[in-house]
Structure formats: structure tokens, C-alpha cells
file my_file.cif (mmCIF, C-alpha atoms)
data_run
#
loop_
_atom_site.label_atom_id
_atom_site.label_comp_id
_atom_site.auth_asym_id
_atom_site.auth_seq_id
_atom_site.Cartn_x
_atom_site.Cartn_y
_atom_site.Cartn_z
CA SER K 429 72.84 87.12 140.08
CA VAL K 430 73.04 87.39 143.84
CA ASN K 431 70.04 88.91 145.56
CA PHE K 432 71.91 89.96 148.66
CA ILE K 433 75.60 90.28 149.39
CA MET K 434 76.98 91.08 152.81
CA LYS K 435 80.43 90.94 154.35
CA GLN K 436 79.53 88.22 156.80
CA LYS K 437 81.11 87.66 160.15
CA PRO K 438 80.95 84.75 162.57
CA CYS K 439 78.15 85.20 165.08
CA LEU K 440 79.03 85.27 168.73
CA SER K 441 78.33 81.97 170.41
CA SER K 442 77.19 81.65 173.98
CA GLU K 443 80.60 80.24 174.87
CA SER K 444 82.43 83.29 173.52
CA ALA K 445 80.14 85.81 175.20
CA PRO K 446 81.27 87.51 178.41
CA PRO K 447 80.65 85.19 181.39
CA SER K 448 78.07 87.53 182.87
CA LYS K 449 76.12 87.52 179.60
CA LYS K 450 75.82 83.80 178.94
CA ARG K 451 72.26 82.57 178.84
CA ARG K 452 70.10 79.68 177.82
CA LEU K 453 67.48 80.37 175.18
CA SER K 454 64.11 78.64 175.35
CA HIS K 455 62.23 77.27 172.36
CA GLY K 456 58.67 76.72 171.30
CA PHE K 457 56.95 79.54 173.15
CA GLN K 458 53.80 81.33 172.17
CA LYS K 459 53.81 84.99 171.19
CA ALA K 460 51.87 87.46 173.28
CA ASP K 461 49.22 89.94 172.25
CA SER K 462 50.80 93.14 170.92
CA ASN K 463 48.82 95.08 173.54
CA ASP K 464 50.72 93.34 176.30
CA ILE K 465 54.22 94.23 175.10
CA GLU K 466 55.12 96.51 177.96
CA SER K 467 53.63 94.28 180.67
CA SER K 468 55.45 91.15 179.48
CA ALA K 469 58.83 92.67 178.66
CA SER K 470 60.51 91.49 181.85
CA PRO K 471 62.84 88.45 181.63
CA SER K 472 60.45 86.44 183.82
CA ASN K 473 57.78 86.73 181.13
CA LEU K 474 59.96 85.94 178.09
CA LYS K 475 58.35 82.53 177.67
CA ASN K 476 54.94 84.11 177.11
CA TYR K 477 55.60 85.49 173.66
CA ARG K 478 58.21 83.35 171.91
CA LEU K 479 57.14 82.06 168.51
CA LYS K 480 57.09 78.33 167.82
CA SER K 481 59.17 76.75 165.10
CA GLY K 482 57.03 76.07 162.06
CA GLN K 483 54.50 78.73 163.00
CA THR K 484 53.09 80.71 160.06
CA VAL K 485 53.82 84.36 160.76
CA TYR K 486 52.17 85.84 157.67
CA GLU K 487 50.46 84.55 154.54
CA ASP K 488 49.03 86.16 151.42
CA GLU K 489 47.90 84.97 147.99
CA GLU K 490 51.46 84.48 146.73
CA PHE K 491 53.66 83.58 149.69
CA GLN K 492 53.66 81.86 153.05
CA PHE K 493 56.18 82.90 155.70
CA GLU K 494 57.14 80.45 158.45
CA PHE K 495 59.16 81.07 161.60
CA LEU K 496 61.85 78.41 162.00
CA PHE K 497 64.66 77.25 164.23
CA ASN K 498 66.34 73.93 164.88
CA ASP K 499 64.03 72.08 167.26
CA GLN K 500 64.93 68.61 165.85
CA ASN K 501 61.52 68.32 164.12
CA GLU K 502 61.88 66.41 160.85
CA GLN K 503 59.74 68.74 158.72
CA HIS K 504 61.44 71.80 160.15
CA LEU K 505 64.86 70.31 159.46
CA ILE K 506 63.83 69.75 155.84
CA ALA K 507 62.85 73.42 155.52
CA LEU K 508 66.12 74.47 157.16
CA THR K 509 68.02 72.29 154.69
CA ASP K 510 66.23 74.01 151.79
CA LEU K 511 67.17 77.39 153.23
CA LYS K 512 70.76 76.27 153.67
CA GLN K 513 70.93 75.32 150.00
CA ILE K 514 69.61 78.74 148.94
CA PHE K 515 71.99 80.63 151.23
CA ALA K 516 74.97 78.59 150.04
CA ALA K 517 74.05 79.07 146.36
CA CYS K 518 73.39 82.82 146.60
CA LEU K 519 76.26 83.55 149.00
CA PRO K 520 79.12 81.38 147.71
CA ARG K 521 81.75 83.40 149.56
CA MET K 522 80.32 82.23 152.88
CA GLY K 523 81.09 78.57 152.26
CA THR K 524 78.72 75.64 152.73
CA ARG K 525 80.08 74.61 156.13
CA TYR K 526 79.83 78.12 157.50
CA VAL K 527 76.24 78.51 156.25
CA THR K 528 75.24 75.10 157.60
CA ARG K 529 76.65 75.85 161.04
CA HIS K 530 74.62 79.03 161.39
CA VAL K 531 71.37 77.83 159.81
CA PHE K 532 71.22 74.83 162.15
CA ASP K 533 72.37 76.76 165.23
CA GLU K 534 69.61 76.31 167.82
CA GLN K 535 69.99 79.91 168.95
CA HIS K 536 69.37 81.37 165.49
CA ARG K 537 65.92 82.29 164.19
CA LEU K 538 64.83 82.19 160.54
CA ILE K 539 61.93 83.17 158.32
CA CYS K 540 61.23 80.70 155.51
CA CYS K 541 59.38 82.04 152.46
CA ARG K 542 57.32 79.53 150.46
CA SER K 543 55.80 80.21 147.06
CA LYS K 544 52.08 79.43 146.79
CA LEU K 545 51.94 80.02 143.06
CA ASN K 546 51.59 77.11 140.66
CA HIS K 547 55.00 75.50 140.51
CA PRO K 548 55.91 73.63 137.29
CA ASN K 549 57.27 70.67 139.26
CA ALA K 550 54.62 70.60 141.98
CA LEU K 551 52.71 67.41 142.56
CA PRO K 552 48.92 67.56 142.03
CA ASN K 553 48.30 65.52 145.19
CA HIS K 554 50.82 66.66 147.74
CA ASP K 555 52.30 64.12 150.09
CA ASP K 556 54.77 65.31 152.74
CA LYS K 557 56.96 62.29 152.01
CA GLN K 558 57.28 63.10 148.31
CA PHE K 559 59.31 65.78 146.58
CA PRO K 560 59.19 68.38 145.20
CA VAL K 561 56.67 69.92 147.58
CA ARG K 562 53.66 71.94 146.47
CA HIS K 563 54.91 75.13 148.20
CA PRO K 564 58.70 75.14 147.73
CA VAL K 565 61.07 77.27 149.76
CA ILE K 566 62.26 80.22 147.65
CA GLY K 567 64.17 82.31 150.18
CA GLY K 568 64.56 83.40 153.75
CA ILE K 569 66.44 85.31 156.39
CA CYS K 570 68.51 84.20 159.38
CA ILE K 571 69.10 86.32 162.48
CA ARG K 572 70.78 85.78 165.82
CA PRO K 573 68.58 87.26 168.57
CA PHE K 574 69.80 88.53 171.92
CA TYR K 575 66.54 88.52 173.81
CA GLU K 576 67.76 89.92 177.09
CA GLN K 577 69.37 92.86 175.27
CA HIS K 578 66.35 93.26 172.91
CA PHE K 579 68.25 93.29 169.61
CA ALA K 580 69.22 90.88 166.85
CA GLU K 581 72.03 90.56 164.34
CA VAL K 582 71.17 89.83 160.71
CA VAL K 583 73.21 86.85 159.49
CA PHE K 584 71.90 85.83 156.04
CA LEU K 585 69.25 86.98 153.61
CA ALA K 586 68.83 85.43 150.17
CA VAL K 587 66.24 84.60 147.52
CA SER K 588 66.56 81.88 144.88
CA ASN K 589 67.61 83.11 141.44
CA SER K 590 64.26 82.26 139.83
CA HIS K 591 62.39 84.59 142.21
CA GLN K 592 64.76 87.56 142.37
CA HIS K 593 63.83 91.11 141.34
CA ARG K 594 60.23 90.61 142.51
CA SER K 595 60.49 92.37 145.91
CA VAL K 596 60.57 89.01 147.66
CA GLY K 597 63.60 90.02 149.73
CA ARG K 598 61.79 93.14 150.90
CA LYS K 599 58.78 91.06 152.00
CA ILE K 600 61.00 88.60 153.84
CA MET K 601 62.71 91.41 155.74
CA ARG K 602 59.39 92.99 156.68
CA VAL K 603 57.95 89.70 157.94
CA MET K 604 61.09 89.13 160.02
CA LYS K 605 60.65 92.62 161.49
CA HIS K 606 57.04 91.72 162.27
CA ALA K 607 58.17 88.55 164.06
CA ALA K 608 60.96 90.39 165.87
CA VAL K 609 58.56 93.01 167.21
CA ASN K 610 56.34 90.23 168.55
CA GLU K 611 59.39 88.81 170.31
CA HIS K 612 60.20 92.21 171.83
CA LEU K 613 63.33 92.91 169.81
CA HIS K 614 63.91 96.64 169.36
CA HIS K 615 66.86 96.84 166.95
CA PHE K 616 68.52 95.02 164.06
CA TYR K 617 72.27 95.33 163.51
CA THR K 618 74.46 94.07 160.69
CA TYR K 619 77.69 94.78 158.86
CA ALA K 620 77.18 95.43 155.15
CA ASP K 621 79.64 95.93 152.32
CA ASN K 622 79.21 98.57 149.64
CA GLN K 623 77.05 96.31 147.45
CA ALA K 624 74.54 95.67 150.25
CA ILE K 625 74.25 99.16 151.75
CA GLY K 626 71.66 100.31 149.21
CA PHE K 627 69.40 97.35 149.95
CA PHE K 628 69.58 97.89 153.69
CA GLU K 629 68.86 101.60 153.35
CA LYS K 630 65.66 100.74 151.46
CA MET K 631 64.73 98.47 154.34
CA GLY K 632 65.04 101.25 156.91
CA PHE K 633 68.64 100.65 158.02
CA VAL K 634 71.00 103.56 158.61
CA LYS K 635 74.73 103.64 159.12
CA LYS K 636 75.63 103.55 162.77
CA ARG K 637 77.30 106.83 163.67
CA GLY K 638 80.65 106.60 165.38
CA ALA K 639 81.04 102.89 164.65
CA ALA K 640 84.59 103.28 163.31
CA MET K 641 85.60 105.44 166.24
CA HIS K 642 84.18 102.96 168.75
CA ALA K 643 86.05 100.14 167.02
CA GLN K 644 89.35 101.98 167.27
CA GLN K 645 88.73 102.87 170.91
CA SER K 646 87.80 99.30 171.76
CA SER K 647 90.93 97.97 170.06
CA ALA K 648 93.15 100.42 171.91
CA ALA K 649 91.44 99.72 175.21
CA SER K 650 91.83 95.99 174.71
CA ASP K 651 95.56 96.36 174.16
CA LYS K 652 95.93 98.36 177.36
CA ASN K 653 93.40 96.27 179.27
CA THR K 654 91.60 99.47 180.27
CA ARG K 655 88.32 99.04 178.42
CA ASN K 656 85.63 101.42 179.63
CA LYS K 657 82.36 99.54 179.40
CA ASN K 658 80.28 102.57 180.33
CA ASN K 659 81.10 104.27 177.02
CA LYS K 660 79.89 101.39 174.85
CA GLU K 661 76.40 100.62 173.73
CA PRO K 662 74.83 97.35 174.97
CA PHE K 663 75.18 95.52 171.64
CA TRP K 664 78.89 96.25 171.21
CA ASP K 665 80.30 93.18 172.97
CA TYR K 666 77.85 90.79 171.31
CA ILE K 667 78.62 91.20 167.60
CA LYS K 668 81.80 90.85 165.58
CA HIS K 669 83.29 94.03 164.14
CA TYR K 670 85.00 94.41 160.78
CA THR K 671 86.92 96.99 158.84
CA GLY K 672 85.91 97.61 155.25
CA SER K 673 82.21 97.23 156.02
CA SER K 674 79.62 99.57 157.47
CA LEU K 675 77.77 98.85 160.69
CA MET K 676 74.07 99.46 160.07
CA GLU K 677 71.17 99.73 162.47
CA CYS K 678 67.41 99.51 162.10
CA LYS K 679 65.08 100.53 164.91
CA LEU K 680 61.88 98.50 165.22
CA TYR K 681 58.60 100.06 166.30
CA ALA K 682 55.87 98.05 168.01
CA GLN K 683 53.20 100.40 166.63
CA ILE K 684 53.93 99.38 163.02
CA ASP K 685 52.56 96.25 161.38
CA TYR K 686 55.51 95.54 159.11
CA ALA K 687 53.90 92.53 157.46
CA GLN K 688 51.09 94.67 156.01
CA LEU K 689 52.98 97.93 155.69
CA ASP K 690 52.18 98.44 151.99
CA GLU K 691 48.45 98.06 152.59
CA HIS K 692 48.57 100.51 155.48
CA LEU K 693 50.43 103.07 153.38
CA ARG K 694 47.91 102.68 150.57
CA SER K 695 45.08 103.16 153.08
CA ILE K 696 46.68 106.36 154.36
CA GLU K 697 47.13 107.59 150.80
CA ARG K 698 43.46 106.96 150.04
CA ASP K 699 42.37 108.78 153.21
CA VAL K 700 44.51 111.81 152.41
CA TYR K 701 43.19 111.92 148.84
CA ARG K 702 39.59 111.66 150.05
CA GLN K 703 40.07 114.48 152.57
CA CYS K 704 41.69 116.68 149.94
CA LEU K 705 38.78 116.03 147.58
CA GLN K 706 36.23 116.85 150.28
CA HIS K 707 38.08 120.05 151.16
CA ARG K 708 38.18 121.07 147.51
CA GLN K 709 34.46 120.43 147.04
CA THR K 710 33.59 122.36 150.21
CA TYR K 711 35.83 125.42 149.99
CA CYS K 712 36.84 125.74 146.37
CA VAL K 713 34.40 127.25 143.87
CA SER K 714 34.75 126.12 140.29
CA ASP K 715 35.05 128.78 137.62
#

call {"tool": "encode", "arguments": {"input": "my_file.cif", "output": "C-alpha cells"}}
result
Amino acid sequence: SVNFIMKQKPCLSSESAPPSKKRRLSHGFQKADSNDIESSASPSNLKNYRLKSGQTVYEDEEFQFEFLFNDQNEQHLIALTDLKQIFAACLPRMGTRYVTRHVFDEQHRLICCRSKLNHPNALPNHDDKQFPVRHPVIGGICIRPFYEQHFAEVVFLAVSNSHQHRSVGRKIMRVMKHAAVNEHLHHFYTYADNQAIGFFEKMGFVKKRGAAMHAQQSSAASDKNTRNKNNKEPFWDYIKHYTGSSLMECKLYAQIDYAQLDEHLRSIERDVYRQCLQHRQTYCVSD
């Protein structure tokens, strides 16, 4: 079974972007402290908070999540190849060449999820030059960030068949949100077909209102060469638009720690329960 199905579209390359919006992305930068988000949000300070390829974003007892992109590092390329194989197997409609082109695109950013549980084929004494590895790649997500516009487009998300139906996809999405917030991205956008809408809604995505109307207006304006750029949102010229799929948006909040969201919610639940119990003991008299 397929963990995640989306009507995928080609991502906009820097060559196809409007001339005024072409840019060169930098790699291998450190992330900034979350308290300095506002002060370092200017383009001149972008290099202060970029994550490095291979950097562990989050880790728990079961999984390890690494931030990846194509920086020509051998170990990182191996992890990207593993992710490519998972994406191609779980999303056969995309085609292997199409998946490969986007996974190894230097402008794309990925989260690689590794399983830390005892793997039946894992070697007792791990050597990086031997396979299979102790912590195999079991899934991941690929996005295309637009740093100057502070949003990203979701490209792929998939989990290997042996690890599906265990909320791994939800954890991957939350860790990617955590990384995106640290890189000062404020929104996620993607086109989803009917089979993927439910998943995205659980992840905090909502259908973008007026998307169909904007698409029709943009098409008409293009034919007449009278496009009004003031009526379009900043992301509109950067992503591909499709009929038959729903444009979905997710707003990211810097105040939320997405990687540990479940633990925070459980903590809030415990606090509310404790306060209710104290109130009951103080003001309610038992019969």
C-alpha cells in the first residue's frame, strides 16, 4: 500500500522563475537560536541559520531525523539514494527519473528518517563501508524552499511499506516543520489529490480559498498579456498549478515546537487535569 499519494507537479527551477526572482541558494549554514528569529530574518542574515546537510534535527528512542540536501558528500548521497528508492517505490506514478531529478536537486531540502530499532539485517559491528547499515532509511520528505519569500512547496513524502501505519509519516512531517521554522519558512504549499487531502488535513493543512478562481484569472490574464501582479499572493508565480487537485496551505508558527508536539500536548493535558482536581478538592464538598 502507498503511504502517501499526491498529484505531483514539476517544481519551478531557478531558470524558469521570473528574471527578477532568480537567486542563488547557499548551503551548509548553521541555524540560529529561535529567540533571534525576528532579528535575523533579513536577507543579509540568511546564512546565519541555514541547517547543514547531514545534521540531526531530532532524535528519539525509535527514530533519527537528518536534514539533507545534495552537497556532493558521499555519505549524504548514499542517504539521498535510499530516499530516492523509497519515493520511487511508494510513488510509482512519478517515475524514477522524475524522482531522481528532484531528490538530487541542490535547491531541494529533505528530511531522512532512520529507524533505530533492532533491524533483522543489521550488522552487529557497523562499518560505514558495509551494507545494510545499522540505522536504515525508512522514509522521508522532500520540499523546495523559497527562502526569500519564506515558504516552501512539498514535493514528496513517503514511508517504506514495512513501516507504514505507525504514524511515521506524521512524525516526518512534524520534524520537517520544525526544521522549516528554524530556517524562517512561514508556509507550506502543495497540490493534493482526493486520496491525499485527508492526510494533509490531519497535518494542519487547509484548502487554499479562491485557488481555482485565481487559476482561471491568471490563465485569462496570460492570454491577454494583462496580468495584474498586485492581485496575486507572493507564492503564486513560484509553484505549478493543476486542475483536478486541491491547493493546500499550512501556516507555520515559530512559537510551536513541532518535533515534540505530542509531549507538549500531553503536558498541557496533565496540567489542566491537575488544576481541575485542585479546584474540585478546594471548592467542591463531597456528599

call {"tool": "axis_aligned_box", "arguments": {"input": "my_file.cif", "around": "range 496-510 of chain K", "padding_each_side": "3 Å", "output": "AutoDock Vina command-line options"}}
result
--center_x 63.9 --center_y 72.4 --center_z 159.5 --size_x 14.3 --size_y 18.0 --size_z 21.5

call {"tool": "atom_distance", "arguments": {"input": "my_file.cif", "atom1": "CA of Tyr681 in chain K", "atom2": "CA of Met631 in chain K"}}
result
13.5 Å

call {"tool": "closest_residue", "arguments": {"input": "my_file.cif", "among": "K:Gly672, K:Gly523, K:Pro662, K:Pro564", "to": "Leu545 in chain K", "atoms": "all atoms listed in the file"}}
result
K:Pro564

call {"tool": "resolve_selection", "arguments": {"input": "my_file.cif", "expression": "the PyMOL selection byres ((chain K and resi 515-518) around 10)", "output": "JSON, numbers by chain"}}
result
{"K": [429, 430, 431, 432, 433, 509, 510, 511, 512, 513, 514, 519, 520, 521, 522, 523, 524, 525, 526, 527, 528, 531, 567, 568, 569, 570, 584, 585, 586, 587, 588, 589]}

call {"tool": "residues_near_point", "arguments": {"input": "my_file.cif", "point": "(61.2, 73.5, 149.0)", "cutoff": "9 Å", "atoms": "only C-alpha atoms", "output": "number ranges by chain"}}
result
K: 506-507, 509-511, 542-543, 559-566

call {"tool": "resolve_selection", "arguments": {"input": "my_file.cif", "expression": "the PyMOL selection byres ((chain K and resi 593-606) around 6)", "output": "list in words"}}
result
Gln592, Ala607, Ala608, Val609, Tyr686 and Ala687 of chain K

call {"tool": "resolve_selection", "arguments": {"input": "my_file.cif", "expression": "the PyMOL selection byres ((chain K and resi 492) around 7)", "output": "PyMOL selection string"}}
result
chain K and resi 486-488+491+493-494+541-544

call {"tool": "atom_distance", "arguments": {"input": "my_file.cif", "atom1": "CA of Gln709 in chain K", "atom2": "CA of Asp690 in chain K"}}
result
28.7 Å

call {"tool": "atom_distance", "arguments": {"input": "my_file.cif", "atom1": "CA of Arg572 in chain K", "atom2": "CA of Gln535 in chain K"}}
result
6.7 Å

call {"tool": "closest_residue", "arguments": {"input": "my_file.cif", "among": "K:Cys712, K:Met676, K:Ala682, K:Leu505", "to": "His614 in chain K", "atoms": "all atoms listed in the file"}}
result
K:Ala682

call {"tool": "closest_residue", "arguments": {"input": "my_file.cif", "among": "K:Gln703, K:Ser673, K:Gln483, K:Ser695", "to": "Phe497 in chain K", "atoms": "only C-alpha atoms"}}
result
K:Gln483

call {"tool": "residues_around", "arguments": {"input": "my_file.cif", "residues": "Glu629 in chain K", "least_positions_apart": "4", "cutoff": "10 Å", "atoms": "all atoms listed in the file", "output": "ChimeraX atom specification"}}
result
/K:624-625,633-635,676-678
